[in-house]
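Coordinates as given in final-v2.tsv (TSV, C-alpha atoms):
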chain	number	residue	atom	x	y	z
C	1	TYR	CA	0.00	0.00	0.00
C	2	LYS	CA	2.04	2.97	1.22
C	3	ALA	CA	5.40	1.31	0.53
C	4	GLY	CA	4.23	0.38	-2.96
C	5	ALA	CA	2.97	3.89	-3.66
C	6	LEU	CA	6.25	5.40	-2.50
C	7	LYS	CA	8.21	2.93	-4.61
C	8	VAL	CA	6.24	3.81	-7.73
C	9	GLY	CA	6.50	7.51	-6.97
C	10	LEU	CA	10.25	7.29	-6.53
C	11	GLU	CA	10.60	5.76	-9.99
C	12	SER	CA	9.03	8.84	-11.58
C	13	ALA	CA	10.69	11.41	-9.30
C	14	LYS	CA	13.22	13.46	-11.25
C	15	GLY	CA	14.78	15.50	-8.47
C	16	GLU	CA	17.75	14.71	-6.26
C	17	LEU	CA	15.67	15.33	-3.13
C	18	VAL	CA	12.30	13.78	-2.34
C	19	THR	CA	9.94	15.00	0.36
C	20	VAL	CA	7.14	12.87	1.79
C	21	PHE	CA	3.89	14.12	3.33
C	22	ASP	CA	0.78	12.21	4.33
C	23	ALA	CA	-2.35	13.81	2.88
C	24	ASP	CA	-3.42	15.49	6.14
C	25	PHE	CA	-0.07	17.21	6.77
C	26	VAL	CA	0.17	20.95	6.08
C	27	PRO	CA	3.80	22.01	5.62
C	28	PRO	CA	4.69	25.67	6.24
C	29	PRO	CA	5.51	27.78	3.14
C	30	ASP	CA	9.21	27.95	4.04
C	31	TYR	CA	9.59	24.20	4.64
C	32	LEU	CA	12.08	23.63	1.80
C	33	LEU	CA	14.01	26.80	2.61
C	34	ARG	CA	14.59	25.49	6.14
C	35	THR	CA	15.44	21.89	5.22
C	36	VAL	CA	17.22	21.78	1.84
C	37	PRO	CA	20.35	23.72	2.99
C	38	PHE	CA	21.34	20.80	5.23
C	39	PHE	CA	21.83	18.65	2.13
C	40	LEU	CA	23.93	21.33	0.46
C	41	THR	CA	26.48	21.31	3.27
C	42	ASP	CA	26.69	17.54	3.89
C	43	ASP	CA	26.96	15.12	0.97
C	44	ASN	CA	26.56	12.18	3.38
C	45	LEU	CA	23.19	13.34	4.65
C	46	GLY	CA	20.34	11.03	3.65
C	47	LEU	CA	17.34	12.26	5.67
C	48	VAL	CA	16.03	15.39	7.37
C	49	GLN	CA	13.06	14.67	9.65
C	50	THR	CA	10.89	17.48	11.02
C	51	ARG	CA	8.47	17.62	13.94
C	52	TRP	CA	4.76	16.84	13.79
C	53	GLY	CA	2.27	19.48	14.93
C	54	HIS	CA	-1.46	19.14	15.59
C	55	LEU	CA	-4.38	20.61	13.65
C	56	ASN	CA	-7.19	19.21	15.81
C	57	ARG	CA	-5.62	18.87	19.25
C	58	ARG	CA	-8.59	20.54	20.98
C	59	GLN	CA	-11.19	18.25	19.42
C	60	SER	CA	-11.47	15.95	22.46
C	61	LEU	CA	-9.66	14.61	25.51
C	62	LEU	CA	-8.42	11.75	23.34
C	63	THR	CA	-6.79	14.07	20.79
C	64	ARG	CA	-5.30	16.21	23.54
C	65	ALA	CA	-3.79	13.11	25.13
C	66	GLN	CA	-2.41	11.89	21.81
C	67	SER	CA	-0.79	15.26	21.17
C	68	ILE	CA	1.19	14.90	24.41
C	69	GLY	CA	2.34	11.44	23.39
C	70	ILE	CA	3.43	12.66	19.95
C	71	ASP	CA	5.25	15.64	21.46
C	72	GLY	CA	7.09	13.35	23.86
C	73	HIS	CA	8.36	11.27	20.96
C	74	PHE	CA	9.46	14.24	18.84
C	75	MET	CA	10.69	16.68	21.48
C	76	ILE	CA	12.58	14.17	23.65
C	77	GLU	CA	13.12	10.81	21.95
C	78	GLN	CA	13.96	11.96	18.44
C	79	SER	CA	16.02	14.88	19.70
C	80	ALA	CA	18.03	12.65	22.04
C	81	ARG	CA	18.72	10.10	19.31
C	82	ASN	CA	19.82	12.77	16.87
C	83	TRP	CA	22.03	14.74	19.27
C	84	ASN	CA	23.75	11.60	20.57
C	85	GLY	CA	24.46	10.06	17.18
C	86	LEU	CA	22.10	7.12	17.71
C	87	TYR	CA	19.93	5.38	15.14
C	88	MET	CA	16.95	7.59	14.28
C	89	ASN	CA	13.83	6.65	12.36
C	90	PHE	CA	11.92	8.41	9.63
C	91	ASN	CA	8.37	8.96	10.87
C	92	GLY	CA	6.70	8.18	7.54
C	93	THR	CA	5.91	11.80	6.73
C	94	ALA	CA	7.20	15.36	7.11
C	95	GLY	CA	10.67	14.31	6.01
C	96	LEU	CA	13.07	15.18	3.18
C	97	TRP	CA	15.16	12.40	1.61
C	98	ARG	CA	18.13	12.23	-0.69
C	99	LYS	CA	16.98	9.92	-3.48
C	100	THR	CA	20.40	8.28	-3.73
C	101	ALA	CA	20.22	7.31	-0.04
C	102	ILE	CA	16.85	5.61	-0.51
C	103	ILE	CA	18.16	3.59	-3.43
C	104	ASP	CA	21.42	2.79	-1.65
C	105	GLY	CA	19.48	1.55	1.38
C	106	GLY	CA	17.45	-0.89	-0.72
C	107	GLY	CA	14.43	1.26	-1.55
C	108	TRP	CA	10.92	1.12	-0.16
C	109	GLN	CA	9.99	-2.44	0.86
C	110	SER	CA	6.56	-3.74	1.87
C	111	ASP	CA	7.46	-6.81	3.94
C	112	THR	CA	6.78	-4.88	7.19
C	113	LEU	CA	3.98	-2.52	8.21
C	114	THR	CA	6.49	0.18	9.16
C	115	GLU	CA	8.23	0.78	5.87
C	116	ASP	CA	9.51	4.10	7.26
C	117	MET	CA	11.41	2.60	10.20
C	118	ASP	CA	12.65	-0.26	8.02
C	119	LEU	CA	14.14	2.07	5.40
C	120	SER	CA	15.55	4.41	8.05
C	121	TYR	CA	17.70	1.69	9.58
C	122	ARG	CA	18.79	0.23	6.25
C	123	VAL	CA	19.89	3.65	5.05
C	124	GLN	CA	21.90	4.23	8.22
C	125	PHE	CA	23.42	0.75	7.96
C	126	ALA	CA	24.61	1.82	4.50
C	127	GLY	CA	26.49	4.74	6.06
C	128	TRP	CA	24.11	7.65	5.48
C	129	GLN	CA	23.48	10.24	8.19
C	130	THR	CA	20.19	11.66	9.49
C	131	VAL	CA	19.21	15.02	10.98
C	132	TYR	CA	16.19	15.94	13.07
C	133	LEU	CA	14.86	19.51	13.19
C	134	PRO	CA	12.56	20.08	16.21
C	135	ASP	CA	12.02	23.73	15.27
C	136	VAL	CA	10.43	22.95	11.89
C	137	VAL	CA	6.85	21.95	12.69
C	138	VAL	CA	4.38	20.43	10.23
C	139	PRO	CA	0.84	20.22	11.66
C	140	ALA	CA	-1.42	17.27	10.90
C	141	GLU	CA	-4.63	15.65	12.05
C	142	ILE	CA	-4.77	13.35	15.07
C	143	PRO	CA	-7.16	10.36	14.93
C	144	GLU	CA	-10.40	11.41	16.63
C	145	ASP	CA	-11.94	7.93	16.76
C	146	ILE	CA	-10.55	5.47	19.31
C	147	ASN	CA	-10.87	2.59	16.86
C	148	ALA	CA	-8.83	4.48	14.27
C	149	PHE	CA	-6.25	5.32	16.94
C	150	LYS	CA	-6.03	1.66	18.01
C	151	SER	CA	-5.66	0.57	14.39
C	152	GLN	CA	-2.81	3.04	13.94
C	153	GLN	CA	-1.08	1.82	17.09
C	154	PHE	CA	-1.64	-1.81	16.07
C	155	ARG	CA	0.11	-1.15	12.76
C	156	TRP	CA	3.00	0.63	14.43
C	157	ALA	CA	3.40	-2.09	17.08
C	158	LYS	CA	3.29	-4.98	14.63
C	159	GLY	CA	5.49	-3.22	12.09
C	160	SER	CA	8.14	-2.35	14.68
C	161	ILE	CA	8.50	-5.96	15.78
C	162	GLN	CA	8.52	-7.11	12.15
C	163	THR	CA	11.31	-4.63	11.47
C	164	ALA	CA	13.23	-5.79	14.53
C	165	LYS	CA	13.08	-9.42	13.36
C	166	LYS	CA	14.10	-8.43	9.84
C	167	LEU	CA	17.03	-6.18	10.73
C	168	PHE	CA	18.38	-7.75	13.92
C	169	PRO	CA	21.07	-9.82	12.10
C	170	ARG	CA	22.30	-6.71	10.27
C	171	LEU	CA	22.26	-4.73	13.51
C	172	LEU	CA	24.51	-7.31	15.19
C	173	LYS	CA	27.01	-7.06	12.33
C	174	ALA	CA	26.99	-3.25	12.22
C	175	ARG	CA	30.38	-1.72	13.11
C	176	VAL	CA	29.10	0.77	15.65
C	177	HIS	CA	29.45	1.28	19.40
C	178	LEU	CA	27.77	-1.31	21.63
C	179	PHE	CA	25.60	1.36	23.28
C	180	LYS	CA	24.23	2.37	19.88
C	181	LYS	CA	23.24	-1.25	19.22
C	182	VAL	CA	21.57	-1.59	22.63
C	183	GLN	CA	19.61	1.60	22.05
C	184	ALA	CA	18.51	0.30	18.65
C	185	VAL	CA	17.22	-2.92	20.23
C	186	PHE	CA	15.13	-0.97	22.73
C	187	HIS	CA	13.95	1.35	19.94
C	188	LEU	CA	12.85	-1.46	17.63
C	189	THR	CA	11.23	-3.58	20.35
C	190	HIS	CA	9.73	-0.95	22.65
C	191	TYR	CA	6.20	-2.19	21.94
C	192	MET	CA	7.12	-5.37	23.85
C	193	VAL	CA	6.19	-3.40	26.95
C	194	HIS	CA	2.52	-4.02	26.18
C	195	PRO	CA	2.63	-7.83	26.52
C	196	LEU	CA	4.60	-7.33	29.73
C	197	MET	CA	1.96	-4.95	31.08
C	198	LEU	CA	-0.83	-7.35	30.14
C	199	THR	CA	1.03	-10.23	31.79
C	200	LEU	CA	1.40	-8.25	35.01
C	201	ALA	CA	-2.29	-7.35	35.00
C	202	ILE	CA	-3.35	-10.98	34.54
C	203	LEU	CA	-0.87	-12.66	36.88
C	204	ALA	CA	-1.11	-10.23	39.79
C	205	LEU	CA	-4.06	-12.04	41.39
C	206	PRO	CA	-2.80	-15.64	40.90
C	207	VAL	CA	0.54	-14.65	42.39
C	208	LEU	CA	-1.16	-13.17	45.45
C	209	LEU	CA	-3.31	-16.26	45.93
C	210	THR	CA	-0.58	-18.87	45.44
C	211	LEU	CA	2.66	-17.32	46.72
C	212	LYS	CA	3.16	-16.17	50.27
C	213	ILE	CA	6.11	-13.83	50.07
C	214	LYS	CA	7.13	-11.49	52.87
C	215	LEU	CA	9.78	-8.99	51.90
C	216	ALA	CA	12.40	-7.65	54.28
C	217	PRO	CA	12.04	-3.88	54.91
C	218	LEU	CA	15.17	-3.00	52.92
C	219	LEU	CA	14.20	-5.13	49.91
C	220	PHE	CA	10.67	-3.74	50.05
C	221	THR	CA	12.07	-0.21	49.98
C	222	VAL	CA	14.34	-0.96	47.02
C	223	ILE	CA	11.48	-2.50	45.01
C	224	ALA	CA	9.14	0.35	45.95
C	225	VAL	CA	11.67	2.95	44.77
C	226	ALA	CA	12.24	1.06	41.52
C	227	LEU	CA	8.51	0.80	40.84
C	228	GLY	CA	8.06	4.47	41.70
C	229	LEU	CA	10.75	5.48	39.23
C	230	SER	CA	9.17	3.30	36.55
C	231	MET	CA	5.94	5.24	37.02
C	232	ILE	CA	7.56	8.67	37.18
C	233	ALA	CA	9.98	8.35	34.25
C	234	PRO	CA	7.46	8.29	31.35
C	235	SER	CA	5.42	11.11	32.88
C	236	THR	CA	8.57	13.19	33.29
C	237	LEU	CA	9.36	12.71	29.60
C	238	TYR	CA	5.96	14.08	28.58
C	239	PHE	CA	6.11	16.85	31.17
C	240	VAL	CA	9.47	18.08	29.87
C	241	SER	CA	8.30	17.89	26.25
C	242	GLN	CA	5.34	20.17	26.95
C	243	ARG	CA	7.49	22.55	28.98
C	244	ALA	CA	10.01	22.81	26.14
C	245	ALA	CA	7.53	23.22	23.30
C	246	TYR	CA	4.69	25.43	24.56
C	247	SER	CA	4.18	28.51	26.69
C	248	ASP	CA	0.83	27.14	27.91
C	249	TRP	CA	2.45	23.84	28.88
C	250	PHE	CA	0.75	23.69	32.28
C	251	ARG	CA	-2.76	23.55	30.82
C	252	ARG	CA	-1.70	20.99	28.25
C	253	ILE	CA	-0.11	18.69	30.81
C	254	LEU	CA	-3.43	18.40	32.67
C	255	CYS	CA	-4.44	15.78	30.08
C	256	LEU	CA	-1.47	13.57	30.95
C	257	PRO	CA	-3.63	11.15	33.04
C	258	ILE	CA	-5.74	10.51	29.93
C	259	LEU	CA	-2.59	9.63	27.99
C	260	VAL	CA	-1.50	7.25	30.75
C	261	ALA	CA	-4.91	5.56	30.72
C	262	ALA	CA	-4.94	5.29	26.93
C	263	GLY	CA	-1.41	3.91	26.87
C	264	VAL	CA	-2.28	1.20	29.36
C	265	GLY	CA	-5.61	0.44	27.73
C	266	LEU	CA	-3.88	-0.28	24.42
C	267	ALA	CA	-1.96	-3.17	25.98
C	268	LEU	CA	-4.45	-5.83	24.89
C	269	SER	CA	-4.70	-4.70	21.27
C	270	ASN	CA	-0.97	-4.06	20.93
C	271	SER	CA	-0.13	-7.39	22.56
C	272	ARG	CA	-2.09	-9.05	19.79
C	273	ALA	CA	-0.08	-7.01	17.26
C	274	VAL	CA	3.22	-8.09	18.83
C	275	LEU	CA	2.12	-11.74	18.89
C	276	GLU	CA	1.13	-11.66	15.21
C	277	ALA	CA	4.51	-10.18	14.34
C	278	MET	CA	6.38	-12.77	16.41
C	279	ILE	CA	4.63	-15.73	14.79
C	280	GLY	CA	4.96	-14.22	11.32
C	281	ARG	CA	1.28	-13.64	10.58
C	282	LYS	CA	0.92	-11.25	7.64
C	283	SER	CA	-1.68	-8.49	7.39
C	284	GLY	CA	-2.38	-5.66	5.00
C	285	PHE	CA	-1.57	-1.99	5.50
C	286	VAL	CA	-4.66	-0.29	6.96
C	287	ARG	CA	-4.27	3.46	6.76
C	288	THR	CA	-5.50	5.67	9.57
C	289	PRO	CA	-8.75	7.49	8.67
C	290	LYS	CA	-9.03	11.14	9.60
C	291	ARG	CA	-11.79	13.73	9.94
C	292	GLY	CA	-14.40	13.63	7.17
C	293	ASP	CA	-13.04	10.33	5.87
C	294	HIS	CA	-15.87	7.98	4.97
C	295	GLU	CA	-13.64	4.99	5.63
C	296	ILE	CA	-14.02	5.72	9.36
C	297	LYS	CA	-17.28	3.76	9.04
C	298	LYS	CA	-15.31	0.56	8.63
C	299	TYR	CA	-13.93	1.00	12.12
C	300	ARG	CA	-17.21	2.00	13.76
C	301	LEU	CA	-19.35	-0.67	12.19
C	302	ARG	CA	-17.18	-3.58	13.24
C	303	ALA	CA	-18.33	-5.49	16.31
C	304	PRO	CA	-16.32	-4.03	19.22
C	305	TRP	CA	-15.06	-7.40	20.46
C	306	MET	CA	-11.70	-6.03	21.50
C	307	GLY	CA	-13.45	-3.29	23.47
C	308	LEU	CA	-15.52	-5.87	25.33
C	309	PHE	CA	-12.40	-7.86	26.20
C	310	GLU	CA	-10.72	-4.67	27.43
C	311	ILE	CA	-13.69	-3.98	29.69
C	312	LEU	CA	-13.46	-7.51	31.10
C	313	VAL	CA	-9.73	-7.08	31.78
C	314	GLY	CA	-10.48	-3.77	33.50
C	315	ILE	CA	-13.07	-5.40	35.75
C	316	TYR	CA	-10.60	-8.20	36.48
C	317	CYS	CA	-7.99	-5.61	37.52
C	318	ILE	CA	-10.49	-4.02	39.92
C	319	TRP	CA	-11.16	-7.48	41.38
C	320	SER	CA	-7.42	-8.05	41.78
C	321	LEU	CA	-7.00	-4.63	43.37
C	322	THR	CA	-9.60	-5.38	46.04
C	323	TYR	CA	-7.73	-8.57	46.98
C	324	TYR	CA	-4.43	-6.71	47.25
C	325	ILE	CA	-5.95	-3.99	49.41
C	326	SER	CA	-7.71	-6.50	51.70
C	327	SER	CA	-4.42	-8.38	52.04
C	328	GLU	CA	-2.59	-5.12	52.85
C	329	LYS	CA	-0.31	-5.56	49.83
C	330	TYR	CA	0.02	-1.95	48.73
C	331	LEU	CA	3.07	-2.19	46.50
C	332	ILE	CA	1.23	-3.33	43.35
C	333	GLY	CA	-1.99	-1.53	44.17
C	334	PRO	CA	-1.24	1.71	42.25
C	335	PHE	CA	-0.37	-0.28	39.12
C	336	LEU	CA	-3.57	-2.29	39.27
C	337	ALA	CA	-5.59	0.89	39.77
C	338	ILE	CA	-3.98	2.47	36.69
C	339	TYR	CA	-4.48	-0.73	34.68
C	340	ALA	CA	-8.15	-0.91	35.67
C	341	ALA	CA	-8.73	2.72	34.70
C	342	GLY	CA	-6.85	2.30	31.41
C	343	PHE	CA	-8.59	-0.85	30.21
C	344	LEU	CA	-12.02	0.46	31.19
C	345	PHE	CA	-11.38	3.83	29.54
C	346	VAL	CA	-10.24	2.36	26.22
C	347	GLY	CA	-12.80	-0.45	26.28
C	348	LEU	CA	-15.81	1.73	27.02
C	349	LEU	CA	-14.69	4.38	24.51
C	350	THR	CA	-14.25	1.65	21.88
C	351	VAL	CA	-17.79	0.42	22.42
C	352	PHE	CA	-19.17	3.98	22.44
C	353	HIS	CA	-17.42	5.00	19.21
C	354	SER	CA	-18.36	1.72	17.54
C	355	PHE	CA	-22.08	2.30	18.04
C	356	ARG	CA	-22.16	6.08	17.76
C	357	LEU	CA	-22.69	6.03	13.99
C	358	LEU	CA	-25.50	3.48	14.23
C	359	ARG	CA	-27.26	5.50	16.89
Would it be possible to restate this file's structure as structure tokens?
Amino acid sequence: YKAGALKVGLESAKGELVTVFDADFVPPPDYLLRTVPFFLTDDNLGLVQTRWGHLNRRQSLLTRAQSIGIDGHFMIEQSARNWNGLYMNFNGTAGLWRKTAIIDGGGWQSDTLTEDMDLSYRVQFAGWQTVYLPDVVVPAEIPEDINAFKSQQFRWAKGSIQTAKKLFPRLLKARVHLFKKVQAVFHLTHYMVHPLMLTLAILALPVLLTLKIKLAPLLFTVIAVALGLSMIAPSTLYFVSQRAAYSDWFRRILCLPILVAAGVGLALSNSRAVLEAMIGRKSGFVRTPKRGDHEIKKYRLRAPWMGLFEILVGIYCIWSLTYYISSEKYLIGPFLAIYAAGFLFVGLLTVFHSFRLLR
């Protein structure tokens, strides 16, 4: 789909530089003036990636939450990778390529659902450099329907793991610093966190009922601090991204709890995506519908089975939480509370959006 379209387009492109925009992206008038000069001063530069903005951030709590997540990726993650000379990925749009680099990296390939990440790594394996420009912002639409958002995240999760499986042998052979390889592994496999979250949510109650473990005060403190840091770290990333990008950052950050809930609630759907990628199950490229797109009906008219399962998992987490509280086991309690809220939020919103059109 997208990889094939890009491949065909590249064959007819006559210029040395090729810029890629999804249909809903609105580049500023001076976009080329601010990006092309980087290619004129560095013959080894293959890609210039710019930052995503948001056209419909205020549409709902869901779009506001997504905007924080996107800003965290672009303001912190992409910037850190670029400034530290680590592997950086093309985000599929709002980027300017050197045509020679694309060809040298093997061209657009459709054997993964994240053709952008796949090509990014292959180009860098071939010796080309990348640059990220956080100050050049290209606004675009954020999915307003939870089912469209979940479909987008499913594609990204499955495609990332597919890319990791495909490129891992080449990554091991790459003549780069060990830290750069380790970072690449975490980058390519970061969606594995969702199966781990789902596993914790499911096994918390059986562990409580079957294992009688009493921790020494020092060990309890160490584990509590580690768990606390694991909760604080992601929120700090998003907090800093809003503080760095916007003057009204305080108002924007108020929607952070919604992002946390949505991120947790995606664990079931994204775990399925990771599993399909691991076992090699193929699926087609399903593009993300945006505002006014009639294809949004395909998402709303499907039976919301995944939403119902998410609601059940949320109820199960509440059940587990009550057992932990009654047993005075407060260490895992906050996690179970967040998991319950996340699964119920995403599940109920999935069901609501699925039947909204019919109503």
If the box runs along x, y and z of the file and leaves 8 Å on each side of region 343-352 of chain C, what are its centre and edge lengths in Å, one decimal, as JSON?
{"center_x": -13.9, "center_y": 1.8, "center_z": 26.5, "size_x": 26.6, "size_y": 21.2, "size_z": 25.3}
Just want the 10 Å neighbourhood of region 337-351 of chain C, counted on only C-alpha atoms, with same-chain residues fewer than 5 positions away dropped. Output as a PyMOL selection string.
chain C and resi 62+145-148+150+197-198+200-201+257-268+299-300+303-322+332+356
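Straight-line separation from CA of Ala157 (chain C) to CA of Leu331 (chain C): 29.4 Å.
Between Ser326 (chain C) and the residues C:Cys255, C:Leu113, C:Val123, C:Leu208, the shortest atom-to-atom distance, using only C-alpha atoms, involves C:Leu208.
Of note, CA of Arg122 (chain C) and CA of Thr41 (chain C) are spaced 22.6 Å apart.
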What separates CA of Tyr121 (chain C) and CA of Asn89 (chain C) is a distance of 6.9 Å
I need the residue nearest Leu237 (chain C) from this list: C:Glu328, C:Asp24, C:Asp42, C:Glu77. Use only C-alpha atoms for the distance.
C:Glu77
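Among the candidates C:Val131, C:Ala94, C:Leu6, C:Ala23, the residue lying nearest to Asn44 (chain C) is C:Val131 (atoms considered: all atoms listed in the file).
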Which polymer residues have any atom within 6 Å of an atom of Gly46 (chain C), counting all atoms listed in the file, with same-chain residues fewer than 5 positions away left out, as a ChimeraX atom specification?
/C:97-98,101,128-130
Selection above as a file: C-alpha atoms, as a PDB file, in the coordinates of the input:
ATOM      1  CA  TRP C  97      15.160  12.400   1.610  1.00  0.00           C
ATOM      2  CA  ARG C  98      18.130  12.230  -0.690  1.00  0.00           C
ATOM      3  CA  ALA C 101      20.220   7.310  -0.040  1.00  0.00           C
ATOM      4  CA  TRP C 128      24.110   7.650   5.480  1.00  0.00           C
ATOM      5  CA  GLN C 129      23.480  10.240   8.190  1.00  0.00           C
ATOM      6  CA  THR C 130      20.190  11.660   9.490  1.00  0.00           C
TER       7      THR C 130
END
Please, which residues in region 63-87 of chain C fall within 12 Å of region 161-179 of chain C when counting only C-alpha atoms, and what is the closest atom pair and distance in Å to one decimal for each, ordered by chain then residue number, as CSV?
residue,atom,partner,partner_atom,distance
C:Arg81,CA,C:Phe179,CA,11.8
C:Asn84,CA,C:Phe179,CA,10.8
C:Gly85,CA,C:His177,CA,10.3
C:Leu86,CA,C:Phe179,CA,8.7
C:Tyr87,CA,C:Val176,CA,10.3
